[in-house]
Amino acid sequence: RGAWAWHADALYRDRSDVRIPGRSKSETCSRWSDLVSDLKMQALCQISLSDPIWVMDPVTNRYVDRTPLADQIITDLNPGQDGRLAHSGQTTTSITFGASHIGAKGYIGTSIQYYASDYGVPGFAYMTDRHPRPSPIDLEVALTRYDVRAGIYPRALGLDRIDIRLMHSRSDDREIIDGADHTRLTTKADDVRIDIAHIPWGGLTGVLGLQASARDLTAGGRQPYLPTVSTSEDAVFWAEQFAWRGLTLKGGLRHDRIDYVVNQDGHDDDGDH
């Protein structure tokens, strides 16, 4: 007959921008001496400087900044807010449901999970030479996953246990700038795994396993930073453990084959590993 077990949970969180003491930008972003010779810091602070005046120092034989104080002009291209970290809010939804039937001969169960979250990149905006106006960066992620697991206890033909796992998932990750997808990554994945354990024999316990998976990553948007990739993986493994009195020995073997196809700018590259 067996028994049923189930589980369900749900989460919804809506968080506004985080309140902070003082400014949302570091004081370094407003100090000329910290910025004038540090181009990386200028980019991180998203500021521009008036043209500095460099003079050769005969003592150190190096150029040093001699810009008059009145000419040390710092322009903040992406001003922050006082007392609040702009674009730090987040909305999250998560729902999970699962059920299992457990009996003397084995079990079977399934679960469904949905997760979605929308949030921004705080303290930074998208800016380039072609896009000088700062634009907030929004991120939207979503995942749906299905799992099925089953176990059989035949205890016959030398078999002690057989475990089977199936998984299918779909995800959609979007980087949004000015209302359009700047980068979009969609992923579809499937995985199956079978573990076959033999009955204990002469101090030996072990398992033989098979696993296969496939994953398709599709890149899109105005400026994707990853290529479209299809990956398939097949594996077989064997693990054994020997116990005798106070001695335990463990050993195993595994063989994997991974095939992938990369599509970038309309060209396919096939590879094996």
# chains A, B, ... in the order shown; residues from 1 in each chain; ligands from 1

$ residues_around --residues "stretch 71-79 of chain A" --least-positions-apart "2" --cutoff "8 Å" --atoms "only C-alpha atoms" --output "CSV table (one decimal) with N, CA, C and O atoms, in the first residue's frame"
chain,number,residue,atom,x,y,z
A,30,SER,N,34.8,61.9,-5.7
A,30,SER,CA,34.8,63.3,-5.7
A,30,SER,C,36.1,64.0,-5.3
A,30,SER,O,36.2,65.2,-5.1
A,32,TRP,N,39.8,64.9,-6.6
A,32,TRP,CA,40.6,65.0,-7.8
A,32,TRP,C,41.9,64.2,-7.7
A,32,TRP,O,42.3,63.5,-8.7
A,45,CYS,N,33.6,55.1,-11.2
A,45,CYS,CA,32.8,56.2,-10.6
A,45,CYS,C,31.9,56.8,-11.7
A,45,CYS,O,31.0,57.6,-11.3
A,46,GLN,N,32.2,56.6,-12.9
A,46,GLN,CA,31.4,57.1,-14.0
A,46,GLN,C,31.4,58.7,-13.9
A,46,GLN,O,30.3,59.3,-13.9
A,47,ILE,N,32.6,59.2,-14.0
A,47,ILE,CA,32.8,60.7,-13.9
A,47,ILE,C,33.7,61.0,-15.1
A,47,ILE,O,34.4,60.2,-15.7
A,48,SER,N,33.8,62.3,-15.4
A,48,SER,CA,34.8,62.8,-16.3
A,48,SER,C,35.5,64.0,-15.7
A,48,SER,O,34.9,64.8,-14.9
A,49,LEU,N,36.7,64.2,-16.0
A,49,LEU,CA,37.5,65.3,-15.5
A,49,LEU,C,37.9,66.3,-16.6
A,49,LEU,O,38.0,66.0,-17.8
A,50,SER,N,38.0,67.5,-16.1
A,50,SER,CA,38.5,68.6,-17.0
A,50,SER,C,40.0,68.2,-17.4
A,50,SER,O,40.6,67.4,-16.6
A,52,PRO,N,43.6,67.8,-17.2
A,52,PRO,CA,44.6,68.1,-16.2
A,52,PRO,C,45.9,68.7,-16.9
A,52,PRO,O,46.1,68.5,-18.0
A,67,THR,N,47.4,70.8,-11.9
A,67,THR,CA,46.2,71.5,-12.3
A,67,THR,C,45.8,72.5,-11.1
A,67,THR,O,45.7,72.0,-10.0
A,68,PRO,N,45.6,73.7,-11.4
A,68,PRO,CA,45.1,74.7,-10.4
A,68,PRO,C,43.7,74.2,-9.8
A,68,PRO,O,42.9,73.6,-10.5
A,69,LEU,N,43.5,74.5,-8.5
A,69,LEU,CA,42.3,74.0,-7.8
A,69,LEU,C,41.1,74.5,-8.5
A,69,LEU,O,40.1,73.8,-8.6
A,81,GLN,N,22.3,59.1,-5.3
A,81,GLN,CA,21.3,59.7,-4.4
A,81,GLN,C,21.8,59.8,-3.0
A,81,GLN,O,22.6,58.9,-2.6
A,124,PHE,N,25.3,51.8,-10.7
A,124,PHE,CA,26.0,51.8,-12.0
A,124,PHE,C,25.0,51.9,-13.1
A,124,PHE,O,23.9,51.4,-12.9
A,125,ALA,N,25.4,52.5,-14.2
A,125,ALA,CA,24.5,52.7,-15.3
A,125,ALA,C,25.3,52.3,-16.6
A,125,ALA,O,26.5,52.3,-16.6
A,134,PRO,N,23.3,58.0,-19.3
A,134,PRO,CA,23.3,56.9,-18.4
A,134,PRO,C,21.9,56.2,-18.4
A,134,PRO,O,20.9,56.9,-18.3

$ residues_around --residues "stretch 89-93 of chain A" --least-positions-apart "5" --cutoff "6 Å" --atoms "only C-alpha atoms" --output "list of chain:residue names"
A:Leu11, A:Tyr12, A:Arg13, A:Asp14, A:Arg15, A:Ser16, A:Asp17, A:Tyr115, A:Ala116, A:Ser117, A:Asp118, A:Tyr119

$ select_by_dssp --residues "stretch 21-55 of chain A" --states "alpha helix (DSSP H)" --output "ChimeraX atom specification"
/A:32-35,39-45

$ closest_atom_pairs --of "stretch 42-158 of chain A" --to "stretch 184-205 of chain A" --cutoff "10 Å" --atoms "only C-alpha atoms" --output "CSV"
residue,atom,partner,partner_atom,distance
A:Leu139,CA,A:Arg184,CA,9.8
A:Glu140,CA,A:Arg184,CA,9.5
A:Val141,CA,A:Leu185,CA,9.5
A:Ala142,CA,A:Thr186,CA,9.5
A:Leu143,CA,A:Thr187,CA,9.2
A:Thr144,CA,A:Lys188,CA,9.8
A:Arg145,CA,A:Ala189,CA,9.3
A:Tyr146,CA,A:Asp190,CA,9.6
A:Asp147,CA,A:Asp191,CA,9.5
A:Val148,CA,A:Val192,CA,9.6
A:Arg149,CA,A:Arg193,CA,9.6
A:Ala150,CA,A:Ile194,CA,9.7
A:Gly151,CA,A:Asp195,CA,9.3
A:Ile152,CA,A:Ile196,CA,9.6
A:Tyr153,CA,A:Ala197,CA,9.6
A:Arg155,CA,A:Ile199,CA,7.1
A:Ala156,CA,A:Ile199,CA,8.6
A:Leu157,CA,A:His198,CA,8.9
A:Gly158,CA,A:Ile199,CA,5.7

$ residues_around --residues "A:Trp4" --least-positions-apart "3" --cutoff "9 Å" --atoms "only C-alpha atoms" --output "MDAnalysis selection string"
chainID A and resid 99:103

$ atom_distance --atom1 "atom CA of A:Asp160" --atom2 "atom CA of A:Glu233"
27.2 Å

$ residues_around --residues "A:Tyr126" --least-positions-apart "2" --cutoff "12 Å" --atoms "only C-alpha atoms" --output "VMD selection string"
chain A and resid 43 to 44 46 77 to 78 120 to 124 128 to 138 175 to 178 182

$ select_by_dssp --residues "stretch 79-263 of chain A" --states "strand (DSSP E or B)" --output "MDAnalysis selection string"
chainID A and resid 82:85 90:103 106:126 135:152 156 159:177 180:198 201 204:220 228:244 247:263

$ closest_residue --among "A:Ile20, A:Tyr114, A:Thr248, A:Val262" --to "A:Ser94" --atoms "only C-alpha atoms"
A:Tyr114
